[in-house]
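Next comes final.cif, with mmCIF, C-alpha atoms and all ligand atoms.
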```
data_final
loop_
_atom_site.label_atom_id
_atom_site.label_comp_id
_atom_site.auth_asym_id
_atom_site.auth_seq_id
_atom_site.Cartn_x
_atom_site.Cartn_y
_atom_site.Cartn_z
CA MET D 1 -13.46 -6.76 0.95
CA LYS D 2 -13.01 -6.66 -2.81
CA ILE D 3 -15.84 -7.56 -5.21
CA THR D 4 -14.87 -8.55 -8.74
CA SER D 5 -16.78 -10.09 -11.60
CA TYR D 6 -15.66 -12.54 -14.21
CA ASP D 7 -18.29 -13.33 -16.85
CA ASP D 8 -21.48 -14.00 -14.79
CA LEU D 9 -19.46 -14.90 -11.71
CA GLU D 10 -19.11 -12.57 -8.76
CA GLN D 11 -16.29 -12.99 -6.28
CA ALA D 12 -16.03 -11.37 -2.85
CA GLU D 13 -12.46 -11.59 -1.62
CA MET D 14 -11.64 -10.95 2.03
CA VAL D 15 -8.18 -10.55 3.52
CA LEU D 16 -7.83 -11.30 7.22
CA SER D 17 -4.74 -10.84 9.31
CA PHE D 18 -3.49 -12.15 12.59
CA GLY D 19 -0.23 -10.53 13.61
CA LYS D 20 1.93 -10.65 10.50
CA GLN D 21 0.03 -13.59 9.03
CA LYS D 22 -2.37 -12.73 6.24
CA MET D 23 -4.87 -15.06 4.68
CA SER D 24 -7.40 -14.37 1.98
CA VAL D 25 -10.62 -16.25 1.38
CA SER D 26 -13.28 -15.78 -1.29
CA ILE D 27 -16.93 -16.60 -1.72
CA PHE D 28 -18.63 -16.80 -5.11
CA LYS D 29 -22.06 -16.08 -6.51
CA ILE D 30 -23.16 -17.40 -9.87
CA ASP D 31 -26.60 -17.94 -11.35
CA GLY D 32 -28.36 -17.75 -7.95
CA LEU D 33 -25.87 -20.12 -6.37
CA LEU D 34 -23.78 -18.98 -3.43
CA ILE D 35 -20.60 -21.04 -3.10
CA ASP D 36 -19.45 -20.89 0.54
CA THR D 37 -20.50 -18.24 3.06
CA GLY D 38 -17.19 -16.81 4.30
CA PRO D 39 -16.04 -16.70 7.95
CA ALA D 40 -18.11 -15.41 10.88
CA LYS D 41 -15.43 -12.77 11.44
CA MET D 42 -16.58 -11.00 8.25
CA LYS D 43 -20.24 -10.82 9.25
CA ALA D 44 -20.52 -7.00 9.19
CA GLN D 45 -19.05 -6.82 5.69
CA LEU D 46 -20.90 -9.81 4.25
CA LEU D 47 -24.49 -9.26 5.43
CA PRO D 48 -25.11 -6.26 3.11
CA LEU D 49 -23.82 -8.39 0.24
CA PHE D 50 -26.15 -11.28 1.16
CA ASP D 51 -29.04 -8.79 1.10
CA GLN D 52 -28.00 -7.46 -2.27
CA TRP D 53 -27.27 -10.77 -4.03
CA ASP D 54 -30.14 -12.93 -5.29
CA ILE D 55 -29.34 -16.24 -3.64
CA THR D 56 -31.54 -19.29 -4.23
CA LYS D 57 -29.19 -22.05 -3.03
CA VAL D 58 -26.03 -22.25 -0.96
CA ILE D 59 -23.39 -24.90 -1.60
CA LEU D 60 -20.61 -25.45 0.89
CA THR D 61 -17.40 -26.92 -0.48
CA HIS D 62 -16.63 -28.33 3.01
CA HIS D 63 -17.38 -27.74 6.68
CA HIS D 64 -14.36 -25.58 7.68
CA GLU D 65 -15.14 -22.35 9.53
CA ASP D 66 -13.78 -19.99 6.84
CA HIS D 67 -16.31 -21.46 4.36
CA THR D 68 -19.36 -21.98 6.59
CA GLY D 69 -19.17 -19.22 9.21
CA LEU D 70 -22.36 -17.45 8.13
CA ALA D 71 -24.42 -20.45 7.04
CA TYR D 72 -26.48 -20.23 10.26
CA TRP D 73 -27.34 -16.61 9.41
CA LEU D 74 -28.36 -17.43 5.83
CA GLN D 75 -30.48 -20.31 7.08
CA GLU D 76 -32.27 -18.16 9.65
CA ASN D 77 -32.68 -15.00 7.60
CA LYS D 78 -32.79 -16.00 3.93
CA LYS D 79 -34.56 -19.35 4.28
CA VAL D 80 -32.51 -20.79 1.42
CA PRO D 81 -31.47 -24.46 1.25
CA ILE D 82 -27.87 -25.06 2.25
CA TYR D 83 -26.09 -28.10 0.82
CA ILE D 84 -22.95 -29.97 1.85
CA HIS D 85 -21.54 -33.45 1.21
CA GLU D 86 -23.44 -35.97 3.35
CA SER D 87 -20.33 -36.74 5.43
CA GLY D 88 -20.15 -33.09 6.58
CA ILE D 89 -23.69 -32.81 7.93
CA THR D 90 -22.97 -33.88 11.52
CA ASP D 91 -19.97 -31.51 11.65
CA CYS D 92 -22.27 -28.60 10.82
CA GLU D 93 -25.04 -29.58 13.24
CA LYS D 94 -22.78 -29.29 16.25
CA ARG D 95 -20.61 -26.51 17.60
CA MET D 96 -17.18 -26.77 16.06
CA LYS D 97 -14.36 -27.40 18.53
CA LEU D 98 -11.73 -25.11 17.06
CA PRO D 99 -8.14 -24.62 18.16
CA PHE D 100 -7.70 -21.15 19.66
CA TYR D 101 -5.80 -19.63 16.74
CA ARG D 102 -8.54 -20.59 14.26
CA LYS D 103 -11.23 -19.18 16.52
CA VAL D 104 -9.35 -15.87 16.70
CA PHE D 105 -8.52 -15.81 12.99
CA TRP D 106 -11.85 -16.76 11.41
CA GLY D 107 -14.36 -16.44 14.24
CA GLU D 108 -16.62 -19.15 15.63
CA ARG D 109 -19.11 -20.93 13.47
CA LYS D 110 -22.59 -21.47 14.89
CA PRO D 111 -24.39 -24.76 14.13
CA PHE D 112 -26.90 -25.06 11.28
CA GLN D 113 -28.75 -27.85 9.44
CA PRO D 114 -27.50 -28.50 5.90
CA ILE D 115 -28.97 -30.88 3.30
CA ALA D 116 -26.95 -33.70 1.68
CA LEU D 117 -25.68 -32.98 -1.82
CA LYS D 118 -26.45 -35.44 -4.60
CA ASP D 119 -24.22 -36.08 -7.66
CA THR D 120 -25.65 -33.11 -9.52
CA ILE D 121 -27.39 -29.84 -8.69
CA THR D 122 -29.14 -27.26 -10.85
CA SER D 123 -29.09 -23.49 -10.64
CA VAL D 124 -31.38 -21.14 -12.64
CA ASN D 125 -29.61 -21.75 -15.98
CA HIS D 126 -26.93 -24.32 -15.26
CA ASN D 127 -26.28 -27.94 -14.31
CA TRP D 128 -23.44 -28.74 -11.97
CA ASP D 129 -21.60 -31.99 -11.22
CA ILE D 130 -20.72 -32.46 -7.57
CA ILE D 131 -17.41 -34.29 -7.15
CA HIS D 132 -16.42 -35.71 -3.79
CA THR D 133 -12.77 -34.74 -3.38
CA PRO D 134 -11.45 -35.54 0.11
CA GLY D 135 -7.86 -34.84 1.18
CA HIS D 136 -8.12 -31.33 2.60
CA ALA D 137 -11.35 -32.24 4.43
CA HIS D 138 -13.26 -35.52 4.50
CA ASP D 139 -16.44 -33.87 3.15
CA HIS D 140 -14.77 -31.71 0.50
CA VAL D 141 -16.51 -31.33 -2.89
CA ALA D 142 -15.62 -29.65 -6.19
CA LEU D 143 -18.28 -28.24 -8.54
CA PHE D 144 -18.03 -28.68 -12.28
CA ASN D 145 -19.90 -26.67 -14.91
CA LYS D 146 -19.61 -28.47 -18.25
CA GLU D 147 -20.95 -25.69 -20.53
CA LYS D 148 -18.43 -23.23 -19.16
CA GLY D 149 -15.58 -25.67 -18.61
CA TRP D 150 -15.24 -24.31 -15.07
CA MET D 151 -14.17 -26.18 -11.95
CA PHE D 152 -14.81 -24.72 -8.49
CA GLY D 153 -12.22 -26.55 -6.45
CA GLY D 154 -12.75 -25.19 -2.91
CA ASP D 155 -9.52 -25.82 -0.98
CA LEU D 156 -8.05 -28.51 -3.20
CA TYR D 157 -5.44 -26.19 -4.72
CA ILE D 158 -4.70 -23.11 -2.53
CA GLN D 159 -1.00 -23.08 -3.50
CA PRO D 160 1.16 -24.92 -6.06
CA THR D 161 3.97 -26.32 -3.89
CA PRO D 162 2.94 -26.77 -0.24
CA LYS D 163 5.71 -27.72 2.20
CA SER D 164 3.48 -28.20 5.17
CA LEU D 165 0.12 -29.80 5.87
CA PHE D 166 -2.67 -29.62 8.42
CA ALA D 167 -3.07 -32.64 10.72
CA PHE D 168 -6.47 -33.38 9.15
CA GLU D 169 -5.09 -33.41 5.58
CA SER D 170 -3.64 -36.27 3.54
CA VAL D 171 -1.23 -36.05 0.58
CA PRO D 172 -2.30 -39.41 -0.96
CA GLU D 173 -5.99 -38.40 -0.75
CA ILE D 174 -5.27 -34.97 -2.27
CA ILE D 175 -3.41 -36.71 -5.13
CA THR D 176 -6.41 -39.00 -5.77
CA SER D 177 -8.79 -36.02 -5.73
CA LEU D 178 -6.63 -33.94 -8.10
CA LYS D 179 -6.56 -36.89 -10.52
CA LYS D 180 -10.32 -37.23 -10.18
CA ILE D 181 -11.08 -33.61 -11.14
CA LEU D 182 -8.63 -33.87 -14.08
CA THR D 183 -10.97 -36.48 -15.61
CA TYR D 184 -13.43 -33.58 -16.14
CA ASP D 185 -13.09 -31.25 -19.11
CA PHE D 186 -12.23 -27.89 -17.48
CA GLU D 187 -9.76 -25.09 -18.28
CA THR D 188 -10.71 -22.44 -15.71
CA TYR D 189 -10.18 -23.39 -12.08
CA ILE D 190 -11.70 -21.32 -9.29
CA CYS D 191 -9.99 -21.55 -5.91
CA SER D 192 -11.40 -20.34 -2.57
CA HIS D 193 -8.05 -18.79 -1.66
CA ALA D 194 -6.17 -18.19 -4.96
CA GLY D 195 -9.23 -16.98 -6.94
CA VAL D 196 -9.94 -17.46 -10.65
CA LYS D 197 -7.18 -19.25 -12.54
CA ILE D 198 -7.75 -19.03 -16.29
CA ASN D 199 -5.12 -21.69 -17.02
CA GLY D 200 -6.36 -23.68 -14.09
CA ARG D 201 -6.00 -27.11 -15.65
CA GLN D 202 -2.26 -26.53 -16.01
CA ALA D 203 -2.06 -25.32 -12.40
CA ILE D 204 -3.76 -28.50 -11.16
CA GLU D 205 -1.49 -30.70 -13.31
CA ASN D 206 1.56 -28.89 -11.91
CA LYS D 207 0.42 -29.34 -8.33
CA LEU D 208 -0.30 -33.03 -8.94
CA GLY D 209 3.19 -33.46 -10.44
CA TYR D 210 4.79 -31.75 -7.44
CA LEU D 211 2.91 -33.86 -4.88
CA GLU D 212 3.68 -37.11 -6.72
CA LYS D 213 7.37 -36.16 -6.87
CA VAL D 214 7.53 -35.43 -3.12
CA GLN D 215 5.56 -38.61 -2.36
CA LEU D 216 8.18 -40.66 -4.25
CA GLN D 217 11.05 -38.90 -2.45
CA VAL D 218 9.48 -39.59 0.96
CA GLN D 219 8.83 -43.23 0.10
CA SER D 220 12.32 -43.84 -1.26
CA LEU D 221 14.01 -42.22 1.79
CA HIS D 222 11.80 -44.36 4.00
CA ASN D 223 12.78 -47.48 2.04
CA GLN D 224 16.42 -46.57 2.67
CA GLY D 225 15.68 -46.80 6.39
CA MET D 226 15.10 -43.13 7.21
CA GLY D 227 12.46 -42.32 9.86
CA PRO D 228 9.71 -39.66 9.48
CA HIS D 229 11.57 -37.07 11.55
CA ALA D 230 14.80 -37.39 9.55
CA ILE D 231 12.86 -37.26 6.26
CA ARG D 232 11.13 -34.08 7.37
CA GLN D 233 14.50 -32.50 8.35
CA LYS D 234 15.96 -33.39 4.97
CA LEU D 235 13.07 -32.41 2.68
CA PHE D 236 11.46 -29.58 4.66
CA PRO D 237 14.13 -28.08 6.92
CA LYS D 238 12.56 -24.61 7.12
CA SER D 239 10.18 -23.48 9.84
CA HIS D 240 7.32 -21.10 9.15
CA PRO D 241 5.56 -18.82 11.70
CA MET D 242 2.32 -20.65 10.85
CA HIS D 243 3.72 -23.88 12.36
CA TYR D 244 4.12 -22.17 15.74
CA LEU D 245 0.98 -20.07 15.47
CA SER D 246 -1.07 -23.22 14.88
CA PHE D 247 0.74 -25.14 17.66
CA PHE D 248 1.82 -27.50 14.89
CA GLU D 249 -1.66 -28.33 13.67
CA ASN D 250 0.04 -27.13 10.49
CA SER D 251 3.47 -28.71 10.06
CA PRO D 252 5.71 -30.52 7.54
CA ARG D 253 5.54 -33.53 9.86
CA HIS D 254 1.90 -34.12 8.79
CA PHE D 255 3.02 -33.92 5.16
CA VAL D 256 5.51 -36.77 5.68
CA ASN D 257 3.33 -38.81 8.04
CA SER D 258 0.31 -38.79 5.72
CA ILE D 259 2.48 -40.34 2.99
CA LEU D 260 3.93 -43.04 5.25
CA LYS D 261 0.60 -43.99 6.82
ZN ZN U 301 -10.64 -25.68 4.40
#
```
What is this structure when it is put down as structure tokens?
Amino acid sequence: MKITSYDDLEQAEMVLSFGKQKMSVSIFKIDGLLIDTGPAKMKAQLLPLFDQWDITKVILTHHHEDHTGLAYWLQENKKVPIYIHESGITDCEKRMKLPFYRKVFWGERKPFQPIALKDTITSVNHNWDIIHTPGHAHDHVALFNKEKGWMFGGDLYIQPTPKSLFAFESVPEIITSLKKILTYDFETYICSHAGVKINGRQAIENKLGYLEKVQLQVQSLHNQGMGPHAIRQKLFPKSHPMHYLSFFENSPRHFVNSILK
């Protein structure tokens, strides 16, 4: 685990591996606010940090197990309020039915009782706008700090030019959410997997441009009479180990299908 600071922000970055697959995920602490809790798999490394950090509130960007894995522990041991978008509450209150590979990779998340986020939240010295940004997850939120011009985007970005999607994701919804955060005045974008991006606005604009371009390509091939399978073969011919590892929960077919829905 690597701890870095940027201004008054602290980032704990964890790299997990499963066979040859590596995935990094970060949690952030700023002004008493803990943004995401990290996966249950990192419990031994994260608990000392939770004891060391002064945490007054926890905000979860969405209910996925790599972001919420230790929320139950924080709730039981730190007695701090834990917030999530209202549509994610029932997901957190029950045991998450995870596909095997996710259980092995991130560990299982125990249930906990979060509180519904409102449109804004305050930390010791700051005000934050909470922006509902579905597409990666139905309950996904981004956090905007106006004074700093910072946007915490959770899993909205991750990578600039994805060629594959999870079954629960939607390209059109991600496009709408990227446009929505671009209406806020930010330069720095902070991603749960790619970390702090100083020229983050540009990165978000580039990703939006890429997704809109692919969306148009898919739609025009479809209008020419091509089916989803043929479109996928033409635009995304390559296979990735992740497709097999996830038993195709992650696949280019979801990318195409979410556009044609
Ligand atoms: Zn996620």
(request) Produce as a PyMOL selection string the set of residues near ligand ZN 301 (chain U), where near means within 7 Å with all atoms listed in the file considered. (result) chain D and resi 62+64+66+136-137+155
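Atom pair atom CA of Glu205 of chain D / atom CA of Phe28 of chain D: separated by 23.5 Å.
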Around (-21.5, -20.1, -4.5) in the file's own coordinates, what residues are found within 10 Å if you use all atoms listed in the file, given back as a PDB file with C-alpha atoms, keeping the file's coordinate frame?
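Writing the result to part35.pdb gives the following:
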```
ATOM      1  CA  LEU D   9     -19.460 -14.900 -11.710  1.00  0.00           C
ATOM      2  CA  GLU D  10     -19.110 -12.570  -8.760  1.00  0.00           C
ATOM      3  CA  GLN D  11     -16.290 -12.990  -6.280  1.00  0.00           C
ATOM      4  CA  SER D  26     -13.280 -15.780  -1.290  1.00  0.00           C
ATOM      5  CA  ILE D  27     -16.930 -16.600  -1.720  1.00  0.00           C
ATOM      6  CA  PHE D  28     -18.630 -16.800  -5.110  1.00  0.00           C
ATOM      7  CA  LYS D  29     -22.060 -16.080  -6.510  1.00  0.00           C
ATOM      8  CA  ILE D  30     -23.160 -17.400  -9.870  1.00  0.00           C
ATOM      9  CA  ASP D  31     -26.600 -17.940 -11.350  1.00  0.00           C
ATOM     10  CA  GLY D  32     -28.360 -17.750  -7.950  1.00  0.00           C
ATOM     11  CA  LEU D  33     -25.870 -20.120  -6.370  1.00  0.00           C
ATOM     12  CA  LEU D  34     -23.780 -18.980  -3.430  1.00  0.00           C
ATOM     13  CA  ILE D  35     -20.600 -21.040  -3.100  1.00  0.00           C
ATOM     14  CA  ASP D  36     -19.450 -20.890   0.540  1.00  0.00           C
ATOM     15  CA  THR D  37     -20.500 -18.240   3.060  1.00  0.00           C
ATOM     16  CA  ILE D  55     -29.340 -16.240  -3.640  1.00  0.00           C
ATOM     17  CA  LYS D  57     -29.190 -22.050  -3.030  1.00  0.00           C
ATOM     18  CA  VAL D  58     -26.030 -22.250  -0.960  1.00  0.00           C
ATOM     19  CA  ILE D  59     -23.390 -24.900  -1.600  1.00  0.00           C
ATOM     20  CA  LEU D  60     -20.610 -25.450   0.890  1.00  0.00           C
ATOM     21  CA  THR D  61     -17.400 -26.920  -0.480  1.00  0.00           C
ATOM     22  CA  LEU D 143     -18.280 -28.240  -8.540  1.00  0.00           C
ATOM     23  CA  PHE D 152     -14.810 -24.720  -8.490  1.00  0.00           C
TER      24      PHE D 152
END
```
(message) Using Å and a single decimal, report how far atom CA of Pro134 of chain D sits from atom CA of Pro99 of chain D.
(response)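 Going from atom CA of Pro99 of chain D over to atom CA of Pro134 of chain D covers 21.4 Å.
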(request) Go through D:Glu173, D:Glu108, D:Glu187, D:Asp119 and flag the residue nearest His138 of chain D, using only C-alpha atoms for the distances. (result) D:Glu173
(message) One number please: atom CA of Lys79 of chain D to atom CA of Val141 of chain D, in Å, one decimal.
(response) 22.8 Å
Reconstruct N, CA, C and O atoms of segment 235-255 of chain D; output as a short mmCIF file (atom, residue, chain, number, x, y, z; two decimals), in the coordinates of the input.
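The resulting file, out.cif, is reproduced below:
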```
data_model
loop_
_atom_site.label_atom_id
_atom_site.label_comp_id
_atom_site.auth_asym_id
_atom_site.auth_seq_id
_atom_site.Cartn_x
_atom_site.Cartn_y
_atom_site.Cartn_z
N LEU D 235 13.87 -32.98 3.78
CA LEU D 235 13.07 -32.41 2.68
C LEU D 235 12.48 -31.05 3.01
O LEU D 235 12.32 -30.21 2.13
N PHE D 236 12.11 -30.85 4.27
CA PHE D 236 11.46 -29.58 4.66
C PHE D 236 12.15 -29.00 5.89
O PHE D 236 11.57 -28.97 6.98
N PRO D 237 13.38 -28.54 5.74
CA PRO D 237 14.13 -28.08 6.92
C PRO D 237 13.63 -26.75 7.49
O PRO D 237 13.86 -26.47 8.66
N LYS D 238 12.94 -25.96 6.67
CA LYS D 238 12.56 -24.61 7.12
C LYS D 238 11.33 -24.61 8.02
O LYS D 238 10.37 -25.33 7.78
N SER D 239 11.36 -23.71 9.01
CA SER D 239 10.18 -23.48 9.84
C SER D 239 9.44 -22.26 9.32
O SER D 239 10.03 -21.39 8.70
N HIS D 240 8.16 -22.22 9.59
CA HIS D 240 7.32 -21.10 9.15
C HIS D 240 6.54 -20.63 10.38
O HIS D 240 6.15 -21.48 11.21
N PRO D 241 6.31 -19.31 10.53
CA PRO D 241 5.56 -18.82 11.70
C PRO D 241 4.23 -19.54 11.90
O PRO D 241 3.78 -19.74 13.03
N MET D 242 3.62 -19.97 10.78
CA MET D 242 2.32 -20.65 10.85
C MET D 242 2.40 -21.95 11.67
O MET D 242 1.45 -22.33 12.34
N HIS D 243 3.56 -22.62 11.61
CA HIS D 243 3.72 -23.88 12.36
C HIS D 243 3.56 -23.61 13.86
O HIS D 243 2.90 -24.36 14.57
N TYR D 244 4.17 -22.51 14.31
CA TYR D 244 4.12 -22.17 15.74
C TYR D 244 2.76 -21.61 16.11
O TYR D 244 2.17 -21.96 17.13
N LEU D 245 2.27 -20.71 15.25
CA LEU D 245 0.98 -20.07 15.47
C LEU D 245 -0.13 -21.12 15.62
O LEU D 245 -1.06 -20.97 16.41
N SER D 246 -0.02 -22.19 14.86
CA SER D 246 -1.07 -23.22 14.88
C SER D 246 -0.77 -24.31 15.92
O SER D 246 -1.48 -25.31 15.97
N PHE D 247 0.28 -24.10 16.71
CA PHE D 247 0.74 -25.14 17.66
C PHE D 247 0.93 -26.47 16.93
O PHE D 247 0.55 -27.53 17.40
N PHE D 248 1.45 -26.35 15.73
CA PHE D 248 1.82 -27.50 14.89
C PHE D 248 0.62 -28.32 14.40
O PHE D 248 0.77 -29.46 14.00
N GLU D 249 -0.56 -27.70 14.41
CA GLU D 249 -1.66 -28.33 13.67
C GLU D 249 -1.30 -28.26 12.18
O GLU D 249 -1.74 -29.07 11.38
N ASN D 250 -0.51 -27.23 11.83
CA ASN D 250 0.04 -27.13 10.49
C ASN D 250 1.54 -27.34 10.59
O ASN D 250 2.24 -26.58 11.26
N SER D 251 2.04 -28.39 9.93
CA SER D 251 3.47 -28.71 10.06
C SER D 251 3.91 -29.65 8.93
O SER D 251 3.13 -30.47 8.46
N PRO D 252 5.20 -29.57 8.53
CA PRO D 252 5.71 -30.52 7.54
C PRO D 252 5.63 -31.97 8.03
O PRO D 252 5.60 -32.89 7.22
N ARG D 253 5.59 -32.14 9.35
CA ARG D 253 5.54 -33.53 9.86
C ARG D 253 4.26 -34.25 9.38
O ARG D 253 4.29 -35.44 9.11
N HIS D 254 3.15 -33.50 9.27
CA HIS D 254 1.90 -34.12 8.79
C HIS D 254 2.01 -34.48 7.31
O HIS D 254 1.40 -35.43 6.84
N PHE D 255 2.77 -33.65 6.58
CA PHE D 255 3.02 -33.92 5.16
C PHE D 255 3.68 -35.30 5.01
O PHE D 255 3.22 -36.15 4.26
#
```
